[in-house]
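Please read the structure below before turning to the comments.
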Amino acid sequence: KDATIGTGDRLGLANPAHIKAVRDYDIFPVLAQQSIRELDFTKRIYSEVLDAATFAVFQEGYEDGFGFDGDHLKRIEDIEMALECGATMITLDLSDVMNTAAAEWNDAPLREHFAQLPEQERIRLTTTYLNAVFDLPDNVRLTFDETELQRCCAMYSKAIDFAVEVYQLLVARKGAGNVDFEVSIDETSTPTLPEHHLFIIKELI
């Protein structure tokens, strides 16, 4: 199935209804889907979330499978805990490692931050992005000037490094292709520009 839907049963009571809602469609439900914040709020643990989803599957006679998402996780220890409980998907929330303050920096601190990067990295970034033209679908064309490239580096470089670290952890624990990996950068106080999305995607690739 190509389409998935995360249902995120917060209390462990709604999974049967979620199964009823999706079972007649070509869609794969992620029945067990919780963040640490939600677990703390509801005083639950991941094994209880998985147990509730599993019991609902048996109760409803559902045989098409379901996913288990460790949602909006920020720390390695929480990711390890979700994987140990059988998570099939990890959603990494990068909001704590992003330098969101750099969204408001002027040219001077951006240049200073960029100058601290290793020379070969500065050359690679400049060659890849500066004044290059990126043609996207629907006649969308994106470019980077010096300021915006340096802003992307200041805001996202550490976050991208952390995402790579977590991905390598997932591969080591589960094997390549055996766990879905989602990266979230949406919990910020400022909009994420299209250029920023492009920078993050290209750097992760």
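Residues are referred to by chain and number: the chain letter is A, B, ... according to the order shown in the structure tokens, the number counts from 1 in that chain, and ligands are numbered separately from 1 in the order shown.
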
Could you please write out, as a JSON list (two decimals) with all heavy atoms, in the first residue's frame, every residue of segment 53-119 of chain A that DSSP assigns to strand (DSSP E or B)?
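The file below, out.json, is the result:
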```json
[["chain", "number", "residue", "atom", "x", "y", "z"],
["A", 68, "PHE", "N", 3.80, 1.45, 13.72],
["A", 68, "PHE", "CA", 4.06, 1.94, 15.07],
["A", 68, "PHE", "C", 5.09, 3.06, 14.95],
["A", 68, "PHE", "O", 6.25, 2.82, 14.62],
["A", 68, "PHE", "CB", 4.56, 0.79, 15.93],
["A", 68, "PHE", "CG", 5.07, 1.16, 17.31],
["A", 68, "PHE", "CD1", 4.94, 2.44, 17.85],
["A", 68, "PHE", "CD2", 5.70, 0.21, 18.08],
["A", 68, "PHE", "CE1", 5.42, 2.77, 19.10],
["A", 68, "PHE", "CE2", 6.19, 0.51, 19.35],
["A", 68, "PHE", "CZ", 6.05, 1.79, 19.85],
["A", 69, "ASP", "N", 4.65, 4.29, 15.18],
["A", 69, "ASP", "CA", 5.49, 5.48, 15.00],
["A", 69, "ASP", "C", 5.90, 6.07, 16.34],
["A", 69, "ASP", "O", 5.04, 6.49, 17.13],
["A", 69, "ASP", "CB", 4.72, 6.53, 14.19],
["A", 69, "ASP", "CG", 5.52, 7.82, 13.96],
["A", 69, "ASP", "OD1", 6.75, 7.78, 14.08],
["A", 69, "ASP", "OD2", 4.89, 8.85, 13.66],
["A", 70, "GLY", "N", 7.22, 6.10, 16.60],
["A", 70, "GLY", "CA", 7.74, 6.92, 17.69],
["A", 70, "GLY", "C", 7.74, 8.35, 17.18],
["A", 70, "GLY", "O", 8.64, 8.76, 16.45],
["A", 71, "ASP", "N", 6.74, 9.11, 17.57],
["A", 71, "ASP", "CA", 6.42, 10.38, 16.91],
["A", 71, "ASP", "C", 7.10, 11.56, 17.60],
["A", 71, "ASP", "O", 7.14, 11.65, 18.83],
["A", 71, "ASP", "CB", 4.90, 10.57, 16.91],
["A", 71, "ASP", "CG", 4.44, 11.64, 15.94],
["A", 71, "ASP", "OD1", 5.21, 11.97, 15.02],
["A", 71, "ASP", "OD2", 3.31, 12.12, 16.10],
["A", 72, "HIS", "N", 7.61, 12.48, 16.81],
["A", 72, "HIS", "CA", 8.21, 13.73, 17.30],
["A", 72, "HIS", "C", 9.21, 13.48, 18.43],
["A", 72, "HIS", "O", 9.16, 14.12, 19.47],
["A", 72, "HIS", "CB", 7.13, 14.72, 17.73],
["A", 72, "HIS", "CG", 6.54, 15.47, 16.58],
["A", 72, "HIS", "ND1", 7.08, 16.64, 16.09],
["A", 72, "HIS", "CD2", 5.47, 15.21, 15.80],
["A", 72, "HIS", "CE1", 6.36, 17.06, 15.06],
["A", 72, "HIS", "NE2", 5.38, 16.21, 14.86],
["A", 73, "LEU", "N", 10.12, 12.55, 18.20],
["A", 73, "LEU", "CA", 11.15, 12.25, 19.18],
["A", 73, "LEU", "C", 12.35, 13.16, 18.96],
["A", 73, "LEU", "O", 12.71, 13.47, 17.83],
["A", 73, "LEU", "CB", 11.56, 10.78, 19.09],
["A", 73, "LEU", "CG", 10.42, 9.78, 19.30],
["A", 73, "LEU", "CD1", 10.94, 8.36, 19.28],
["A", 73, "LEU", "CD2", 9.67, 10.05, 20.60],
["A", 89, "MET", "N", 8.59, 2.95, 12.70],
["A", 89, "MET", "CA", 8.79, 4.27, 12.12],
["A", 89, "MET", "C", 9.26, 5.22, 13.22],
["A", 89, "MET", "O", 8.82, 5.13, 14.36],
["A", 89, "MET", "CB", 7.47, 4.78, 11.52],
["A", 89, "MET", "CG", 7.51, 6.19, 10.98],
["A", 89, "MET", "SD", 5.90, 6.64, 10.25],
["A", 89, "MET", "CE", 6.24, 8.33, 9.75],
["A", 90, "ILE", "N", 10.18, 6.08, 12.88],
["A", 90, "ILE", "CA", 10.64, 7.11, 13.80],
["A", 90, "ILE", "C", 10.44, 8.47, 13.11],
["A", 90, "ILE", "O", 10.90, 8.68, 11.98],
["A", 90, "ILE", "CB", 12.12, 6.94, 14.18],
["A", 90, "ILE", "CG1", 12.34, 5.66, 14.98],
["A", 90, "ILE", "CG2", 12.62, 8.16, 14.96],
["A", 90, "ILE", "CD1", 11.65, 5.63, 16.34],
["A", 91, "THR", "N", 9.75, 9.36, 13.79],
["A", 91, "THR", "CA", 9.64, 10.75, 13.35],
["A", 91, "THR", "C", 10.57, 11.59, 14.22],
["A", 91, "THR", "O", 10.32, 11.74, 15.42],
["A", 91, "THR", "CB", 8.20, 11.26, 13.45],
["A", 91, "THR", "OG1", 7.35, 10.47, 12.62],
["A", 91, "THR", "CG2", 8.13, 12.72, 13.00],
["A", 92, "LEU", "N", 11.64, 12.08, 13.63],
["A", 92, "LEU", "CA", 12.63, 12.87, 14.35],
["A", 92, "LEU", "C", 12.25, 14.34, 14.31],
["A", 92, "LEU", "O", 12.13, 14.93, 13.24],
["A", 92, "LEU", "CB", 14.01, 12.66, 13.72],
["A", 92, "LEU", "CG", 15.16, 13.47, 14.33],
["A", 92, "LEU", "CD1", 15.40, 13.04, 15.78],
["A", 92, "LEU", "CD2", 16.42, 13.30, 13.50],
["A", 93, "ASP", "N", 12.06, 14.92, 15.48],
["A", 93, "ASP", "CA", 11.75, 16.33, 15.61],
["A", 93, "ASP", "C", 13.05, 17.10, 15.85],
["A", 93, "ASP", "O", 13.69, 16.93, 16.88],
["A", 93, "ASP", "CB", 10.77, 16.53, 16.77],
["A", 93, "ASP", "CG", 10.29, 17.96, 16.91],
["A", 93, "ASP", "OD1", 10.97, 18.88, 16.42],
["A", 93, "ASP", "OD2", 9.23, 18.18, 17.52]]
```

Which residues in chain A does DSSP call helix (DSSP H, G or I)? List them as number ranges by chain. A: 15-22, 36-42, 46-60, 76-84, 100-104, 107-115, 119-129, 146-174, 194-204

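Each of A:Arg151, A:Arg75, A:His18, A:His197 was compared to Val166 of chain A using only C-alpha atoms, and A:Arg75 turns out to be the nearest.
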
Which residue gives the smallest distance to Val30 of chain A among A:Asn15, A:Thr7, A:Ser184, A:Thr54, with only C-alpha atoms counted?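 The closest residue to Val30 of chain A is A:Thr7.
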
Would you mind telling me which residue in A:Gln34, A:Asn131, A:Thr147, A:Asp9 lies nearest to Pro109 of chain A when using only C-alpha atoms?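 The answer is A:Thr147, which sits nearest to Pro109 of chain A.
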
Spatial neighbours of Phe28 of chain A, max dist 8 Å, only C-alpha atoms, sep filter under 4 positions, as a PyMOL selection string: chain A and resi 1-5+22+64-67

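Compared by their closest atoms to Tyr62 of chain A, and using only C-alpha atoms, the residues A:Ile205, A:Ile19, A:Ala102, A:Leu31 rank with A:Ile19 nearest.
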
Between atom CA of Ser95 of chain A and atom CA of Leu142 of chain A, what distance in Å does the model show, to one decimal? 24.3 Å

Find the residues near His196 of chain A: any atom within 7 Å, counting only C-alpha atoms, skip ones fewer than 4 places away on the same chain, and give them as a PDB file with C-alpha atoms, in the first residue's frame.
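Contents of out_10.pdb, as written:
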```
ATOM      1  CA  CYS A 152      20.539  27.872   5.945  1.00  0.00           C
ATOM      2  CA  THR A 192      10.291  27.538   6.742  1.00  0.00           C
ATOM      3  CA  ILE A 200      17.672  20.352   3.992  1.00  0.00           C
TER       4      ILE A 200
END
```

One decimal, in Å: what's the spacing between atom CA of Cys85 of chain A and atom CA of Tyr46 of chain A?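 Atom-to-atom, atom CA of Cys85 of chain A and atom CA of Tyr46 of chain A are spaced 6.6 Å apart.
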
Kindly give the distance, in Å, that separates atom CA of Tyr25 of chain A and atom CA of Glu63 of chain A, rounded to a single decimal. 13.2 Å

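Comparing the minimum interatomic distances between Ala159 of chain A and each of A:Thr143, A:Thr100, A:Asn178, A:Thr42, counting only C-alpha atoms, we find that A:Thr100 sits nearest.
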
Have a look at A:Leu193, A:Phe144, A:Lys158, A:Arg10 and name the one nearest to Phe41 of chain A; count only C-alpha atoms.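 Among the listed residues, the smallest separation from Phe41 of chain A belongs to A:Arg10.
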